[in-house]
>>> print(open('input_26.txt').read())   # compact mmCIF, C-alpha atoms
# COMPACT_ATOMS: atom_id res chain seq x y z
CA MET E 53 0.00 0.00 0.00
CA TRP E 54 2.79 2.28 0.81
CA GLY E 55 4.32 1.57 -2.55
CA ASN E 56 1.11 2.40 -4.37
CA SER E 57 0.81 5.67 -2.50
CA HIS E 58 4.38 6.58 -3.30
CA GLU E 59 3.72 5.86 -6.96
CA LEU E 60 0.60 8.07 -6.93
CA TRP E 61 2.51 10.98 -5.39
CA GLY E 62 5.21 10.60 -8.02
CA ASN E 63 2.72 10.69 -10.83
CA ALA E 64 1.04 13.77 -9.38
CA GLY E 65 4.37 15.57 -9.11
CA ARG E 66 5.23 14.78 -12.66
CA MET E 67 1.84 16.11 -13.77
CA ARG E 68 2.37 19.38 -11.84
CA VAL E 69 5.78 19.89 -13.44
CA SER E 70 4.32 19.21 -16.88
CA LYS E 71 1.57 21.78 -16.31
CA GLN E 72 4.13 24.35 -15.16
CA LEU E 73 6.25 23.75 -18.21
CA ILE E 74 3.22 24.14 -20.46
CA THR E 75 2.25 27.39 -18.71
CA VAL E 76 5.78 28.78 -19.12
CA ALA E 77 5.78 27.83 -22.81
CA VAL E 78 2.44 29.58 -23.37
CA LEU E 79 3.60 32.73 -21.58
CA ALA E 80 6.83 32.74 -23.59
CA SER E 81 4.87 32.43 -26.82
CA LEU E 82 2.61 35.33 -25.82
CA ALA E 83 5.61 37.50 -24.89
CA ALA E 84 7.32 36.75 -28.21
CA GLY E 85 4.15 37.60 -30.10
CA THR E 86 3.79 40.82 -28.22
CA TRP E 87 7.44 41.65 -28.90
CA TYR E 88 7.06 41.22 -32.65
CA ALA E 89 3.66 42.95 -32.77
CA ARG E 90 4.50 45.82 -30.43
CA ASP E 91 4.97 48.30 -33.31
CA GLN E 92 1.32 47.74 -34.26
CA LEU E 93 0.09 48.75 -30.81
CA PRO E 94 -0.83 52.48 -30.43
CA TRP E 95 0.54 52.78 -26.88
CA SER E 96 3.81 51.14 -27.92
CA ASP E 97 4.25 53.72 -30.71
CA ALA E 98 3.57 56.63 -28.37
CA SER E 99 5.97 55.27 -25.75
CA ASP E 100 8.78 54.71 -28.22
CA GLN E 101 8.27 58.13 -29.81
CA ALA E 102 8.28 59.83 -26.43
CA ALA E 103 11.41 57.93 -25.46
CA ASN E 104 13.62 58.50 -28.48
CA GLY E 105 11.44 59.30 -31.51
CA LYS E 106 13.11 56.54 -33.49
CA GLY E 107 11.24 53.37 -32.61
CA ARG E 108 11.09 50.53 -35.06
CA GLY E 109 7.98 50.71 -37.26
CA GLN E 110 6.95 54.05 -35.72
CA ARG E 111 3.61 55.41 -36.93
CA ALA E 112 4.05 58.76 -38.79
CA THR E 113 2.15 61.90 -37.74
CA LEU E 114 0.29 63.76 -40.48
CA VAL E 115 1.54 67.37 -40.79
CA GLU E 116 1.25 70.36 -43.10
CA VAL E 117 4.43 72.01 -44.32
CA ALA E 118 5.71 75.05 -46.20
CA ALA E 119 9.01 75.95 -47.82
CA ALA E 120 11.12 78.80 -46.45
CA ARG E 121 11.41 81.50 -49.09
CA ARG E 122 13.54 84.50 -49.90
CA ASP E 123 12.15 88.02 -50.20
CA ASN E 124 13.03 91.62 -49.48
CA VAL E 125 12.10 92.80 -45.98
CA THR E 126 11.46 96.43 -45.11
CA VAL E 127 12.46 97.13 -41.52
CA ILE E 128 10.01 99.57 -39.92
CA VAL E 129 10.26 101.31 -36.56
CA GLU E 130 6.85 102.01 -35.03
CA ALA E 131 6.17 104.82 -32.56
CA VAL E 132 3.22 106.72 -31.11
CA GLY E 133 2.77 110.43 -30.58
CA THR E 134 0.29 113.31 -30.33
CA ALA E 135 -0.47 115.82 -33.05
CA ARG E 136 0.14 119.50 -32.35
CA ALA E 137 -0.44 122.61 -34.39
CA ASN E 138 2.63 123.97 -36.15
CA GLU E 139 2.01 127.22 -34.26
CA ALA E 140 -0.50 127.64 -31.43
CA VAL E 141 -1.37 130.54 -29.17
CA THR E 142 -4.10 131.66 -26.79
CA ILE E 143 -5.29 135.16 -27.76
CA THR E 144 -5.36 137.48 -24.73
CA SER E 145 -5.26 141.21 -23.97
CA LYS E 146 -2.32 143.14 -22.55
CA VAL E 147 -4.53 145.90 -21.11
CA THR E 148 -7.78 146.29 -19.20
CA GLY E 149 -10.69 147.50 -21.29
CA HIS E 150 -14.22 146.99 -22.50
CA VAL E 151 -14.75 145.01 -25.71
CA SER E 152 -16.18 147.40 -28.29
CA GLN E 153 -16.05 145.24 -31.44
CA ILE E 154 -15.38 141.62 -32.37
CA HIS E 155 -14.09 141.08 -35.90
CA PHE E 156 -13.85 137.29 -36.08
CA LYS E 157 -16.07 134.24 -36.28
CA GLU E 158 -15.56 131.08 -34.29
CA GLY E 159 -13.66 128.48 -36.28
CA GLY E 160 -12.82 130.95 -39.03
CA ARG E 161 -9.49 131.40 -40.76
CA VAL E 162 -7.51 134.62 -40.36
CA LYS E 163 -4.32 136.03 -41.79
CA THR E 164 -1.35 137.56 -40.06
CA GLY E 165 -2.20 141.06 -38.77
CA ASP E 166 -5.99 140.76 -39.02
CA ILE E 167 -7.81 142.64 -36.23
CA LEU E 168 -9.67 140.21 -34.01
CA VAL E 169 -11.00 142.39 -31.19
CA GLU E 170 -11.20 146.15 -30.48
CA LEU E 171 -11.29 147.54 -26.96
CA ASP E 172 -12.83 150.91 -26.10
CA SER E 173 -9.98 153.40 -26.65
CA ARG E 174 -11.91 156.70 -26.94
CA GLU E 175 -10.18 158.20 -23.91
CA MET E 176 -6.81 157.16 -25.27
CA GLN E 177 -7.67 158.70 -28.66
CA ALA E 178 -8.47 162.03 -26.98
CA ALA E 179 -5.17 161.94 -25.13
CA LEU E 180 -3.40 161.21 -28.41
CA GLU E 181 -5.00 164.20 -30.12
CA GLU E 182 -3.84 166.44 -27.29
CA LYS E 183 -0.26 165.20 -27.58
CA LYS E 184 -0.33 165.65 -31.34
CA ALA E 185 -1.38 169.27 -30.83
CA ASP E 186 1.51 169.81 -28.44
CA ARG E 187 3.84 168.28 -31.01
CA ASP E 188 2.54 170.54 -33.77
CA THR E 189 3.03 173.65 -31.57
CA ALA E 190 6.55 172.57 -30.73
CA ALA E 191 7.25 172.04 -34.43
CA ARG E 192 6.05 175.55 -35.36
CA LEU E 193 8.10 177.20 -32.60
CA TYR E 194 11.19 175.30 -33.63
CA GLU E 195 10.77 176.19 -37.31
CA ARG E 196 10.31 179.92 -36.50
CA ALA E 197 13.37 179.96 -34.26
CA ARG E 198 15.46 178.22 -36.89
CA LYS E 199 14.62 180.90 -39.47
CA LEU E 200 15.34 183.70 -36.99
CA TYR E 201 18.65 182.07 -36.19
CA GLU E 202 19.61 182.32 -39.84
CA SER E 203 19.17 186.11 -39.62
CA ARG E 204 21.00 186.12 -36.26
CA ASN E 205 17.92 187.34 -34.36
CA VAL E 206 17.74 184.27 -32.09
CA PRO E 207 20.64 182.67 -30.25
CA ARG E 208 21.72 179.12 -31.03
CA ALA E 209 20.84 177.93 -27.54
CA ARG E 210 17.19 178.89 -28.01
CA VAL E 211 17.00 176.91 -31.23
CA ASP E 212 18.49 173.86 -29.52
CA ASP E 213 16.01 174.11 -26.63
CA LEU E 214 13.04 174.28 -28.99
CA TYR E 215 14.38 171.30 -30.96
CA GLY E 216 14.58 169.27 -27.74
CA GLU E 217 10.99 170.17 -26.88
CA LEU E 218 9.88 169.05 -30.36
CA GLN E 219 11.60 165.67 -29.92
CA SER E 220 9.92 165.20 -26.52
CA ALA E 221 6.53 165.96 -28.04
CA GLU E 222 7.16 163.46 -30.84
CA ALA E 223 8.09 160.79 -28.29
CA ARG E 224 4.90 161.40 -26.29
CA VAL E 225 2.81 160.99 -29.44
CA LYS E 226 4.54 157.71 -30.36
CA ALA E 227 4.12 156.38 -26.81
CA GLU E 228 0.40 157.17 -26.89
CA GLU E 229 0.00 155.55 -30.30
CA ALA E 230 1.74 152.43 -29.00
CA ARG E 231 -0.65 152.28 -26.03
CA ILE E 232 -3.65 152.63 -28.31
CA LYS E 233 -2.39 149.73 -30.47
CA GLU E 234 -2.75 147.51 -27.42
CA TYR E 235 -6.51 148.14 -27.63
CA TYR E 236 -6.55 146.49 -31.09
CA ILE E 237 -5.82 142.77 -30.78
CA HIS E 238 -4.32 141.28 -33.98
CA ALA E 239 -3.68 137.75 -35.23
CA PRO E 240 0.04 137.03 -34.76
CA PHE E 241 0.05 134.48 -37.62
CA SER E 242 -2.28 132.89 -40.15
CA GLY E 243 -4.41 130.03 -38.90
CA ARG E 244 -7.80 128.90 -37.66
CA LEU E 245 -9.53 130.37 -34.64
CA GLY E 246 -11.17 128.41 -31.87
CA LEU E 247 -14.15 129.20 -29.67
CA ARG E 248 -14.95 132.81 -28.69
CA ARG E 249 -14.67 133.43 -24.94
CA VAL E 250 -15.78 137.10 -24.74
CA SER E 251 -18.74 139.25 -25.77
CA VAL E 252 -19.15 142.87 -26.80
CA GLY E 253 -19.26 145.11 -23.74
CA ALA E 254 -17.38 142.68 -21.51
CA LEU E 255 -14.59 144.05 -19.34
CA ILE E 256 -11.48 141.99 -19.79
CA ASN E 257 -8.25 142.05 -17.85
CA PRO E 258 -4.70 141.28 -18.99
CA GLY E 259 -4.26 137.54 -19.59
CA ALA E 260 -7.97 136.78 -20.00
CA GLU E 261 -8.59 134.27 -22.80
CA ILE E 262 -10.38 135.69 -25.84
CA THR E 263 -9.96 132.72 -28.23
CA THR E 264 -7.30 130.35 -29.54
CA LEU E 265 -5.40 130.41 -32.82
CA ASP E 266 -3.78 127.36 -34.40
CA ASP E 267 -1.78 127.04 -37.59
CA THR E 268 -3.21 123.69 -38.71
CA ALA E 269 -2.06 123.89 -42.33
CA ARG E 270 0.97 122.03 -41.00
CA ILE E 271 1.02 119.64 -38.07
CA LYS E 272 3.85 118.80 -35.70
CA ALA E 273 4.06 115.43 -34.01
CA ASP E 274 6.68 114.24 -31.55
CA PHE E 275 7.35 110.49 -31.43
CA ARG E 276 9.53 108.51 -29.04
CA VAL E 277 11.82 106.06 -30.83
CA PRO E 278 13.92 103.37 -29.04
CA GLU E 279 17.57 104.30 -28.79
CA ILE E 280 18.57 101.11 -30.65
CA SER E 281 16.77 102.50 -33.71
CA LEU E 282 18.38 105.93 -33.48
CA ILE E 283 21.09 104.98 -35.99
CA HIS E 284 18.39 104.49 -38.63
CA ILE E 285 16.62 107.86 -38.08
CA ALA E 286 17.81 111.01 -39.89
CA ARG E 287 16.53 114.49 -40.67
CA GLY E 288 14.48 114.62 -43.85
CA GLN E 289 13.51 110.95 -43.53
CA THR E 290 9.99 110.01 -44.64
CA VAL E 291 7.50 108.99 -41.96
CA THR E 292 3.98 107.62 -42.41
CA ALA E 293 1.38 108.25 -39.71
CA MET E 294 -2.06 106.75 -39.12
CA SER E 295 -5.00 107.89 -37.00
CA ALA E 296 -7.90 105.84 -35.66
CA ALA E 297 -10.21 108.57 -36.97
CA TYR E 298 -9.17 107.78 -40.57
CA ALA E 299 -8.60 104.03 -40.70
CA ASP E 300 -8.01 103.94 -44.47
CA LYS E 301 -5.80 107.02 -44.82
CA ASP E 302 -2.06 107.53 -44.35
CA PHE E 303 -0.37 110.86 -43.68
CA VAL E 304 3.14 111.30 -45.04
CA GLY E 305 5.57 113.68 -43.37
CA LYS E 306 9.26 114.38 -42.77
CA VAL E 307 11.57 114.17 -39.79
CA THR E 308 12.63 117.73 -38.95
CA THR E 309 14.42 117.42 -35.61
CA ILE E 310 15.96 114.69 -33.47
CA ASP E 311 16.38 115.48 -29.80
CA THR E 312 19.96 115.67 -28.57
CA ARG E 313 19.23 113.64 -25.44
CA VAL E 314 18.08 110.08 -24.76
CA ASP E 315 15.61 109.61 -21.92
CA PRO E 316 17.55 107.62 -19.27
CA VAL E 317 14.34 106.00 -17.97
CA THR E 318 12.65 104.85 -21.19
CA ARG E 319 15.84 104.67 -23.29
CA SER E 320 14.09 106.47 -26.10
CA VAL E 321 14.70 109.68 -28.03
CA GLU E 322 12.12 112.22 -29.15
CA VAL E 323 11.78 112.72 -32.90
CA ARG E 324 9.83 115.72 -34.25
CA THR E 325 8.04 115.41 -37.57
CA ILE E 326 6.03 117.80 -39.77
CA PHE E 327 2.98 116.83 -41.84
CA ASP E 328 1.33 118.98 -44.49
CA ASN E 329 -2.34 119.24 -43.57
CA PRO E 330 -4.06 121.22 -46.36
CA LYS E 331 -7.50 119.71 -45.67
CA GLU E 332 -7.00 120.03 -41.90
CA LEU E 333 -7.94 116.41 -41.32
CA ILE E 334 -5.42 116.08 -38.50
CA ARG E 335 -6.52 118.05 -35.45
CA PRO E 336 -4.21 119.12 -32.63
CA GLY E 337 -4.35 116.56 -29.84
CA MET E 338 -5.01 113.56 -32.10
CA PHE E 339 -3.25 110.30 -31.26
CA LEU E 340 -1.01 109.16 -34.13
CA THR E 341 0.84 105.94 -34.86
CA ALA E 342 3.92 106.43 -37.02
CA GLU E 343 6.08 104.12 -39.08
CA PHE E 344 9.67 105.04 -39.87
CA VAL E 345 11.09 103.08 -42.82
CA THR E 346 14.65 102.49 -41.66
CA VAL E 347 16.24 99.89 -43.95
CA VAL E 348 15.41 97.31 -46.64
CA ARG E 349 17.07 93.89 -46.22
CA GLU E 350 17.28 92.03 -49.50
CA ASN E 351 16.94 88.24 -49.90
CA SER E 352 15.82 87.62 -46.33
CA VAL E 353 14.46 84.20 -45.32
CA LEU E 354 10.72 84.17 -44.56
CA ILE E 355 8.48 81.47 -43.08
CA PRO E 356 4.80 81.43 -41.98
CA GLU E 357 4.27 82.68 -38.44
CA GLN E 358 2.31 79.58 -37.41
CA SER E 359 5.39 77.40 -37.83
CA ILE E 360 7.17 79.01 -34.89
CA VAL E 361 7.10 77.47 -31.41
CA VAL E 362 8.00 79.68 -28.44
CA SER E 363 9.53 78.17 -25.31
CA GLY E 364 10.60 80.79 -22.80
CA ASP E 365 13.12 83.03 -24.55
CA THR E 366 13.73 80.44 -27.28
CA GLN E 367 12.01 80.21 -30.65
CA TYR E 368 12.25 77.13 -32.84
CA VAL E 369 10.69 75.34 -35.80
CA PHE E 370 10.52 71.74 -36.97
CA VAL E 371 12.33 71.09 -40.24
CA ILE E 372 11.52 67.95 -42.27
CA VAL E 373 14.67 65.87 -42.82
CA ASP E 374 14.36 62.36 -44.34
CA GLY E 375 10.74 62.00 -43.24
CA ARG E 376 11.39 63.06 -39.66
CA ALA E 377 10.92 66.30 -37.71
CA SER E 378 14.14 67.98 -36.68
CA ARG E 379 13.97 70.81 -34.14
CA ARG E 380 15.82 73.96 -35.23
CA ASP E 381 16.37 76.99 -32.96
CA ILE E 382 16.02 80.28 -34.85
CA VAL E 383 16.33 84.04 -34.38
CA THR E 384 13.45 86.03 -35.84
CA GLY E 385 13.24 89.57 -37.18
CA GLN E 386 10.53 91.60 -38.91
CA HIS E 387 6.89 90.52 -39.30
CA VAL E 388 5.69 90.69 -42.92
CA GLU E 389 1.96 90.11 -43.57
CA GLY E 390 1.57 86.69 -41.95
CA ASP E 391 5.20 85.70 -42.42
CA ILE E 392 8.18 86.34 -40.21
CA GLU E 393 11.79 86.95 -41.08
CA VAL E 394 14.37 84.41 -39.91
CA VAL E 395 17.63 86.18 -39.17
CA SER E 396 19.56 83.00 -38.41
CA GLY E 397 19.04 79.25 -38.02
CA LEU E 398 17.28 78.42 -41.28
CA SER E 399 18.21 78.24 -44.95
CA PRO E 400 15.93 79.11 -47.87
CA GLU E 401 13.81 76.31 -49.37
CA GLU E 402 14.04 74.17 -46.23
CA ILE E 403 10.69 72.56 -45.39
CA VAL E 404 9.13 73.58 -42.07
CA VAL E 405 6.04 72.22 -40.31
CA ILE E 406 3.14 74.68 -40.19
CA GLY E 407 0.26 72.38 -39.22
CA GLY E 408 0.41 69.75 -36.47
CA VAL E 409 3.38 71.38 -34.75
CA GLN E 410 2.03 70.60 -31.28
CA LYS E 411 1.66 66.85 -32.04
CA ILE E 412 5.29 66.11 -32.90
CA ARG E 413 8.63 65.98 -31.14
CA ASP E 414 12.22 66.16 -32.27
CA GLY E 415 12.99 63.08 -34.36
CA ALA E 416 9.36 62.01 -34.76
CA ALA E 417 8.33 60.35 -38.02
CA VAL E 418 6.00 62.59 -40.04
CA LYS E 419 3.86 62.28 -43.11
CA ILE E 420 3.28 65.35 -45.27
CA ALA E 421 -0.39 66.08 -45.95
CA LYS E 422 0.38 67.76 -49.26
CA PRO E 423 3.57 68.90 -51.01
CA PRO E 424 4.73 72.44 -50.09
CA GLU E 425 4.19 75.22 -52.60
CA PRO E 426 7.33 76.40 -54.44
CA ALA E 427 9.16 79.21 -52.66
CA ALA E 428 8.39 82.60 -54.22
CA LYS E 429 11.19 84.60 -55.72
CA PRO E 430 12.18 87.90 -54.10
CA GLY E 431 9.74 90.66 -54.95
CA MET E 432 7.01 88.21 -56.06
CA SER E 433 5.24 87.80 -52.72
>>> encode(input="input_26.txt", output="structure tokens")
Amino acid sequence: MWGNSHELWGNAGRMRVSKQLITVAVLASLAAGTWYARDQLPWSDASDQAANGKGRGQRATLVEVAAARRDNVTVIVEAVGTARANEAVTITSKVTGHVSQIHFKEGGRVKTGDILVELDSREMQAALEEKKADRDTAARLYERARKLYESRNVPRARVDDLYGELQSAEARVKAEEARIKEYYIHAPFSGRLGLRRVSVGALINPGAEITTLDDTARIKADFRVPEISLIHIARGQTVTAMSAAYADKDFVGKVTTIDTRVDPVTRSVEVRTIFDNPKELIRPGMFLTAEFVTVVRENSVLIPEQSIVVSGDTQYVFVIVDGRASRRDIVTGQHVEGDIEVVSGLSPEEIVVIGGVQKIRDGAAVKIAKPPEPAAKPGMS
């Protein structure tokens, strides 16, 4: 009995070993199958691509591409400023007086020397007439004495005294005439008047505002330009300005003055420009955006803006090389109507990814959705 039992235990052990061997063989077969089929599994492809981008049988990512092209790039410096009249003044009175006449209309144009306002000067006119009479009397006395001196009937000293009195009378007349002129307020230059601030009969004091006068036929505008662009700005340079009030109109002017000092806080320099304004579209106080054309770079490399990836201070693109995406760090320059200039890091006619950029990594296999369009020749874009 013991022998039979021992034989049964032996058989059972052999059966357990056989089952274990079979299980191991099945597991090994499954592992081998998985190993050979791993490239067909989606998670295997993603893992390999994330690890090194070069897995065996890697599934390609569909992307859109474009060819880098050459073209001329115009470098423009943009700045903002405020429009001011070429000449501007607030019309006031130097003397105290009642307004007797107003010779202008609000918003009207005047010329240099036109009388704008008269103050009541009747008392001053009477004083002037009196001084003129004194002058005429002094002139007659002097002339009589001069003739008598010729016949030696009047001494030389008397003639000299009368001549001095005549000069004093002339001076008093001129002083009175000068005072009366202050009662006639003139336009100091040609321009357009603003709102009227006084009425006939009003008593005004020195410094009181009567109206404003602006020479708007020409407009000044001061713009602040970064100091790094100062080397490209010169007197006589053309500048184009835009205003939100006239979205479809450009105003062309000239640089007249460049400030001698750079602001130590903003690191910018003030540039004064003049714009002809015959239709007076630009009003003093308007906000203007200006573009200074500084330089034209020929045969620059351009790529679509959507191809660029920004990571911190670094900019890069993916270039297609032998069916794979290759990361390329670049330095960019001027924006040109949807494209951007590449200063360094890329050669013309290289193929860059413009669609699907966020789905790929360096070294990833890619499939081009459609062939890139031929790069345009300079000047043809």
>>> residues_around(input="input_26.txt", residues="stretch 160-166 of chain E", least_positions_apart="4", cutoff="10 Å", atoms="all atoms listed in the file", output="VMD selection string")
chain E and resid 155 to 156 236 to 247 265 to 267
>>> residues_around(input="input_26.txt", residues="E:Thr318", least_positions_apart="4", cutoff="10 Å", atoms="only C-alpha atoms", output="NGL selection string")
:E and (276-279 or 314)
>>> write_last_selection(input="input_26.txt", atoms="C-alpha atoms", output="PDB file, in the frame of the given file")
ATOM      1  CA  ARG E 276       9.530 108.510 -29.040  1.00  0.00           C
ATOM      2  CA  VAL E 277      11.820 106.060 -30.830  1.00  0.00           C
ATOM      3  CA  PRO E 278      13.920 103.370 -29.040  1.00  0.00           C
ATOM      4  CA  GLU E 279      17.570 104.300 -28.790  1.00  0.00           C
ATOM      5  CA  VAL E 314      18.080 110.080 -24.760  1.00  0.00           C
TER       6      VAL E 314
END
>>> residues_around(input="input_26.txt", residues="E:Arg248", least_positions_apart="5", cutoff="12 Å", atoms="all atoms listed in the file", output="ChimeraX atom specification")
/E:142-144,154-160,168-169,260-265
>>> write_last_selection(input="input_26.txt", atoms="C-alpha atoms", output="tab-separated table (two decimals), keeping the file's coordinate frame")
chain	number	residue	atom	x	y	z
E	142	THR	CA	-4.10	131.66	-26.79
E	143	ILE	CA	-5.29	135.16	-27.76
E	144	THR	CA	-5.36	137.48	-24.73
E	154	ILE	CA	-15.38	141.62	-32.37
E	155	HIS	CA	-14.09	141.08	-35.90
E	156	PHE	CA	-13.85	137.29	-36.08
E	157	LYS	CA	-16.07	134.24	-36.28
E	158	GLU	CA	-15.56	131.08	-34.29
E	159	GLY	CA	-13.66	128.48	-36.28
E	160	GLY	CA	-12.82	130.95	-39.03
E	168	LEU	CA	-9.67	140.21	-34.01
E	169	VAL	CA	-11.00	142.39	-31.19
E	260	ALA	CA	-7.97	136.78	-20.00
E	261	GLU	CA	-8.59	134.27	-22.80
E	262	ILE	CA	-10.38	135.69	-25.84
E	263	THR	CA	-9.96	132.72	-28.23
E	264	THR	CA	-7.30	130.35	-29.54
E	265	LEU	CA	-5.40	130.41	-32.82
>>> residues_around(input="input_26.txt", residues="E:Val206", least_positions_apart="6", cutoff="10 Å", atoms="all atoms listed in the file", output="list in words")
Arg196, Ala197, Arg198, Lys199 and Leu200 of chain E
>>> residues_around(input="input_26.txt", residues="E:Thr341", least_positions_apart="6", cutoff="8 Å", atoms="only C-alpha atoms", output="JSON, numbers by chain")
{"E": [130, 131, 132, 133, 293, 294, 295]}
>>> residues_near_point(input="input_26.txt", point="(8.2, 78.0, -48.4)", cutoff="6 Å", atoms="all atoms listed in the file", output="list in words")
Ala118, Ala119, Ala120, Arg121, Glu401 and Ala427 of chain E
>>> write_last_selection(input="input_26.txt", atoms="C-alpha atoms", output="PDB file, in the frame of the given file")
ATOM      1  CA  ALA E 118       5.710  75.050 -46.200  1.00  0.00           C
ATOM      2  CA  ALA E 119       9.010  75.950 -47.820  1.00  0.00           C
ATOM      3  CA  ALA E 120      11.120  78.800 -46.450  1.00  0.00           C
ATOM      4  CA  ARG E 121      11.410  81.500 -49.090  1.00  0.00           C
ATOM      5  CA  GLU E 401      13.810  76.310 -49.370  1.00  0.00           C
ATOM      6  CA  ALA E 427       9.160  79.210 -52.660  1.00  0.00           C
TER       7      ALA E 427
END
>>> closest_residue(input="input_26.txt", among="E:Tyr368, E:Phe275, E:Tyr201, E:Phe327", to="E:Ala342", atoms="all atoms listed in the file")
E:Phe275
>>> atom_distance(input="input_26.txt", atom1="atom CA of E:Glu139", atom2="atom CA of E:Val291")
20.5 Å
>>> closest_residue(input="input_26.txt", among="E:Val418, E:Glu393, E:Val321, E:His284", to="E:Ser352", atoms="only C-alpha atoms")
E:Glu393
>>> atom_distance(input="input_26.txt", atom1="atom CA of E:Arg122", atom2="atom CA of E:Glu350")
8.4 Å
>>> closest_residue(input="input_26.txt", among="E:Gly149, E:Gly216, E:Pro336, E:Pro316", to="E:Arg270", atoms="only C-alpha atoms")
E:Pro336
>>> closest_residue(input="input_26.txt", among="E:Ala178, E:Ile355, E:Ala417, E:Ala191", to="E:Val394", atoms="only C-alpha atoms")
E:Ile355
>>> residues_near_point(input="input_26.txt", point="(10.6, 115.2, -31.8)", cutoff="9 Å", atoms="all atoms listed in the file", output="JSON, numbers by chain")
{"E": [272, 273, 274, 275, 276, 307, 308, 309, 310, 311, 321, 322, 323, 324, 325]}
>>> atom_distance(input="input_26.txt", atom1="atom CA of E:Ile271", atom2="atom CA of E:Ala299")
18.5 Å
>>> closest_residue(input="input_26.txt", among="E:Glu234, E:Glu332, E:Asp315, E:Asp172", to="E:Phe303", atoms="only C-alpha atoms")
E:Glu332
>>> axis_aligned_box(input="input_26.txt", around="stretch 378-390 of chain E", padding_each_side="4 Å", output="JSON")
{"center_x": 9.0, "center_y": 79.8, "center_z": -38.3, "size_x": 22.8, "size_y": 31.6, "size_z": 18.6}
>>> closest_residue(input="input_26.txt", among="E:Gly364, E:Gly253, E:Gly397, E:Gly337", to="E:Arg380", atoms="all atoms listed in the file")
E:Gly397
>>> decode(input="input_26.txt", residues="stretch 198-213 of chain E", atoms="C-alpha atoms", output="PDB file, in the first residue's frame")
ATOM      1  CA  ARG E 198      15.458 178.224 -36.888  1.00  0.00           C
ATOM      2  CA  LYS E 199      14.620 180.903 -39.472  1.00  0.00           C
ATOM      3  CA  LEU E 200      15.339 183.701 -36.989  1.00  0.00           C
ATOM      4  CA  TYR E 201      18.653 182.068 -36.185  1.00  0.00           C
ATOM      5  CA  GLU E 202      19.609 182.315 -39.843  1.00  0.00           C
ATOM      6  CA  SER E 203      19.170 186.113 -39.620  1.00  0.00           C
ATOM      7  CA  ARG E 204      21.005 186.118 -36.256  1.00  0.00           C
ATOM      8  CA  ASN E 205      17.919 187.342 -34.362  1.00  0.00           C
ATOM      9  CA  VAL E 206      17.738 184.265 -32.089  1.00  0.00           C
ATOM     10  CA  PRO E 207      20.645 182.675 -30.253  1.00  0.00           C
ATOM     11  CA  ARG E 208      21.724 179.117 -31.034  1.00  0.00           C
ATOM     12  CA  ALA E 209      20.840 177.933 -27.536  1.00  0.00           C
ATOM     13  CA  ARG E 210      17.192 178.893 -28.011  1.00  0.00           C
ATOM     14  CA  VAL E 211      17.002 176.906 -31.235  1.00  0.00           C
ATOM     15  CA  ASP E 212      18.486 173.863 -29.519  1.00  0.00           C
ATOM     16  CA  ASP E 213      16.005 174.107 -26.634  1.00  0.00           C
TER      17      ASP E 213
END
